[in-house]
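Listing of upload_17.pdb; format and content: PDB, C-alpha atoms.
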ATOM      1  CA  MET Q   1     180.417  47.605  -5.225
ATOM      2  CA  ILE Q   2     178.165  44.826  -3.935
ATOM      3  CA  VAL Q   3     176.944  45.163  -0.356
ATOM      4  CA  ALA Q   4     175.748  41.970   1.332
ATOM      5  CA  ARG Q   5     172.344  42.228   2.992
ATOM      6  CA  PRO Q   6     172.096  40.890   6.546
ATOM      7  CA  VAL Q   7     170.437  37.462   6.673
ATOM      8  CA  VAL Q   8     168.701  35.915   9.711
ATOM      9  CA  GLY Q   9     170.744  32.932  10.920
ATOM     10  CA  SER Q  10     174.054  34.146   9.512
ATOM     11  CA  THR Q  11     177.106  34.743  11.716
ATOM     12  CA  ILE Q  12     178.573  38.237  12.006
ATOM     13  CA  GLU Q  13     181.004  40.041  14.294
ATOM     14  CA  ALA Q  14     179.337  42.376  16.788
ATOM     15  CA  ARG Q  15     180.008  43.867  20.211
ATOM     16  CA  CYS Q  16     178.426  41.792  22.969
ATOM     17  CA  THR Q  17     176.858  44.002  25.637
ATOM     18  CA  ARG Q  18     177.338  41.306  28.282
ATOM     19  CA  CYS Q  19     180.872  40.108  27.426
ATOM     20  CA  CYS Q  20     181.987  43.638  26.430
ATOM     21  CA  GLN Q  21     183.989  42.228  23.521
ATOM     22  CA  ASN Q  22     183.824  41.950  19.740
ATOM     23  CA  LEU Q  23     182.619  38.357  19.211
ATOM     24  CA  PRO Q  24     180.796  36.202  16.648
ATOM     25  CA  HIS Q  25     177.007  36.617  16.857
ATOM     26  CA  THR Q  26     174.069  34.951  15.125
ATOM     27  CA  VAL Q  27     171.632  37.331  13.440
ATOM     28  CA  ILE Q  28     168.198  36.915  15.107
ATOM     29  CA  SER Q  29     166.230  39.650  13.323
ATOM     30  CA  VAL Q  30     166.601  42.230  10.585
ATOM     31  CA  LYS Q  31     164.445  45.373  10.226
ATOM     32  CA  GLU Q  32     164.332  47.380   7.009
ATOM     33  CA  ASN Q  33     167.547  45.765   5.753
ATOM     34  CA  HIS Q  34     169.462  46.650   8.955
ATOM     35  CA  LEU Q  35     170.670  44.322  11.688
ATOM     36  CA  HIS Q  36     168.311  44.514  14.656
ATOM     37  CA  ARG Q  37     168.780  41.653  17.173
ATOM     38  CA  VAL Q  38     171.732  39.290  17.555
ATOM     39  CA  GLN Q  39     172.770  36.448  19.882
ATOM     40  CA  CYS Q  40     176.318  36.107  21.225
ATOM     41  CA  ALA Q  41     178.025  32.810  20.371
ATOM     42  CA  GLN Q  42     179.995  32.909  23.648
ATOM     43  CA  CYS Q  43     177.381  33.738  26.312
ATOM     44  CA  ASP Q  44     174.099  33.216  24.356
ATOM     45  CA  TRP Q  45     172.919  36.724  25.335
ATOM     46  CA  GLU Q  46     170.354  38.131  22.905
ATOM     47  CA  HIS Q  47     170.604  41.907  22.458
ATOM     48  CA  SER Q  48     170.309  44.750  19.977
ATOM     49  CA  TYR Q  49     173.026  44.789  17.349
ATOM     50  CA  ARG Q  50     176.074  46.897  18.247
ATOM     51  CA  PRO Q  51     178.828  47.263  15.649
ATOM     52  CA  PRO Q  52     182.219  45.970  16.764
ATOM     53  CA  LEU Q  53     184.563  48.556  18.243
ATOM     54  CA  SER Q  54     187.674  49.279  16.251
ATOM     55  CA  LEU Q  55     190.886  48.029  17.820
ATOM     56  CA  SER Q  56     192.085  51.552  18.615
ATOM     57  CA  THR Q  57     188.774  52.556  20.286
ATOM     58  CA  ALA Q  58     188.581  49.319  22.294
ATOM     59  CA  SER Q  59     192.174  49.552  23.520
ATOM     60  CA  MET Q  60     191.767  53.211  24.522
ATOM     61  CA  GLU Q  61     188.574  52.423  26.475
ATOM     62  CA  SER Q  62     189.996  49.416  28.269
ATOM     63  CA  SER Q  63     193.390  50.964  29.056
ATOM     64  CA  SER Q  64     191.940  54.136  30.598
ATOM     65  CA  GLY Q  65     189.361  52.142  32.611
ATOM     66  CA  ALA Q  66     191.977  49.575  33.620
ATOM     67  CA  SER Q  67     194.446  52.185  34.871
ATOM     68  CA  GLU Q  68     191.718  54.008  36.811
ATOM     69  CA  TRP Q  69     190.575  50.669  38.262
ATOM     70  CA  GLN Q  70     194.100  49.828  39.438
ATOM     71  CA  LYS Q  71     194.395  53.192  41.222
ATOM     72  CA  LEU Q  72     191.014  52.823  42.925
ATOM     73  CA  LYS Q  73     191.470  49.148  43.850
ATOM     74  CA  ALA Q  74     193.996  50.085  46.532
ATOM     75  CA  THR Q  75     191.298  52.126  48.320
ATOM     76  CA  PHE Q  76     188.966  49.094  48.654
ATOM     77  CA  ALA Q  77     190.894  47.502  51.530
ATOM     78  CA  GLY Q  78     188.709  47.045  54.594
ATOM     79  CA  ARG Q  79     185.518  48.142  52.804
ATOM     80  CA  LYS Q  80     182.533  45.830  52.570
ATOM     81  CA  ALA Q  81     180.889  45.501  49.163
ATOM     82  CA  ILE Q  82     177.090  45.623  48.812
ATOM     83  CA  ARG Q  83     175.564  42.830  46.701
ATOM     84  CA  TYR Q  84     174.160  44.446  43.520
ATOM     85  CA  SER Q  85     170.381  44.485  43.189
ATOM     86  CA  ILE Q  86     168.253  46.411  40.730
ATOM     87  CA  THR Q  87     165.859  47.207  43.612
ATOM     88  CA  ARG Q  88     168.501  49.005  45.706
ATOM     89  CA  ASN Q  89     169.531  52.636  45.902
ATOM     90  CA  TYR Q  90     173.226  53.480  45.628
ATOM     91  CA  GLU Q  91     175.391  56.418  46.605
ATOM     92  CA  VAL Q  92     178.518  57.704  44.900
ATOM     93  CA  GLU Q  93     181.635  55.813  46.087
ATOM     94  CA  ALA Q  94     179.576  52.753  47.141
ATOM     95  CA  LEU Q  95     181.413  49.484  46.561
ATOM     96  CA  ILE Q  96     179.189  46.845  44.935
ATOM     97  CA  ASP Q  97     179.559  43.159  44.137
ATOM     98  CA  HIS Q  98     177.899  42.237  40.821
ATOM     99  CA  PRO Q  99     177.302  38.537  39.982
ATOM    100  CA  HIS Q 100     178.646  38.903  36.424
ATOM    101  CA  PHE Q 101     181.043  41.892  36.458
ATOM    102  CA  GLY Q 102     182.490  41.405  39.955
ATOM    103  CA  LEU Q 103     183.590  44.207  42.255
ATOM    104  CA  GLY Q 104     182.658  47.736  41.185
ATOM    105  CA  LEU Q 105     182.658  51.306  42.451
ATOM    106  CA  VAL Q 106     179.712  53.664  41.892
ATOM    107  CA  ARG Q 107     181.206  56.722  40.175
ATOM    108  CA  ARG Q 108     178.088  58.824  39.594
ATOM    109  CA  ILE Q 109     174.317  58.849  39.686
ATOM    110  CA  LYS Q 110     172.883  59.160  36.147
ATOM    111  CA  GLY Q 111     169.255  60.242  36.372
ATOM    112  CA  LYS Q 112     166.731  58.700  38.704
ATOM    113  CA  TYR Q 113     167.159  55.011  37.819
ATOM    114  CA  MET Q 114     170.785  54.637  36.669
ATOM    115  CA  VAL Q 115     174.232  54.602  38.242
ATOM    116  CA  GLU Q 116     177.596  54.502  36.513
ATOM    117  CA  VAL Q 117     179.781  51.793  38.010
ATOM    118  CA  LEU Q 118     183.467  51.234  37.277
ATOM    119  CA  PHE Q 119     184.368  47.546  37.101
ATOM    120  CA  GLU Q 120     187.736  46.045  36.246
ATOM    121  CA  SER Q 121     186.394  45.437  32.718
ATOM    122  CA  GLY Q 122     185.307  49.096  32.360
ATOM    123  CA  ALA Q 123     182.452  51.459  33.217
ATOM    124  CA  LYS Q 124     178.851  50.240  32.976
ATOM    125  CA  LEU Q 125     175.476  51.910  33.395
ATOM    126  CA  MET Q 126     173.408  49.885  35.854
ATOM    127  CA  ARG Q 127     169.735  50.129  36.788
ATOM    128  CA  CYS Q 128     168.768  50.951  40.359
ATOM    129  CA  ASN Q 129     165.617  51.663  42.362
ATOM    130  CA  GLY Q 130     165.947  55.423  42.362
ATOM    131  CA  GLY Q 131     163.568  55.852  45.274
TER     132      GLY Q 131
END

As structure tokens, the full file:
Amino acid sequence: MIVARPVVGSTIEARCTRCCQNLPHTVISVKENHLHRVQCAQCDWEHSYRPPLSLSTASMESSSGASEWQKLKATFAGRKAIRYSITRNYEVEALIDHPHFGLGLVRRIKGKYMVEVLFESGAKLMRCNGG
């Protein structure tokens, strides 16, 4: 069996951490014969290589997040969203407005500098001030 070695400049499928999808990426760097950094062909975001999610894993993640989002969305009526900023502190149940992901609900505080936020596209870990 011949295994192709990753080559800088080649196009591969990877999971984009910004688009949250399996998309074509250009290989930016390779370390010790393993993919290291890639650039998304759709949004041009450069990030560490993440293998594409299998169809079954991706559909399970998005369907559970989507159904939870639909249930919670009804509770947003009349609430004002806070504009997301990395320099802010957040509390559980805070409604935030992110420039890329849109409206989100803080589900839990994860350590001193991270919050888990549920967006329509799924849950994301976001940086915060933590002060």

- Could you spell out the hits of the PyMOL selection byres ((chain Q and resi 115) around 12) on the shown file, as JSON, numbers by chain? {"Q": [84, 85, 86, 88, 89, 90, 91, 92, 93, 94, 96, 104, 105, 106, 107, 108, 109, 110, 111, 112, 113, 114, 116, 117, 118, 123, 124, 125, 126, 127, 128, 129, 130]}

- Query: Expanded to explicit residues, what is the PyMOL selection byres ((chain Q and resi 8-22) around 12) for this file, as a ChimeraX atom specification?
  - Reply: /Q:4-7,23-31,33-55,57-59,61-62,100-101,119-125

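Interatomic distance, CA of Asp97 in chain Q against CA of Ala74 in chain Q: 16.2 Å.
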
Given 4 Å on each side, where is the centre and what are the edge lengths in Å to one decimal of the axis-aligned box enclosing the listed atoms of range 67-78 of chain Q, as AutoDock Vina command-line options?
--center_x 191.6 --center_y 50.5 --center_z 44.7 --size_x 13.7 --size_y 15.0 --size_z 27.7

- Item | Å distance separating CA of Gln70 in chain Q from CA of Leu103 in chain Q, one decimal place | 12.2 Å

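Note that CA of His98 in chain Q and CA of Leu72 in chain Q are 17.0 Å apart.
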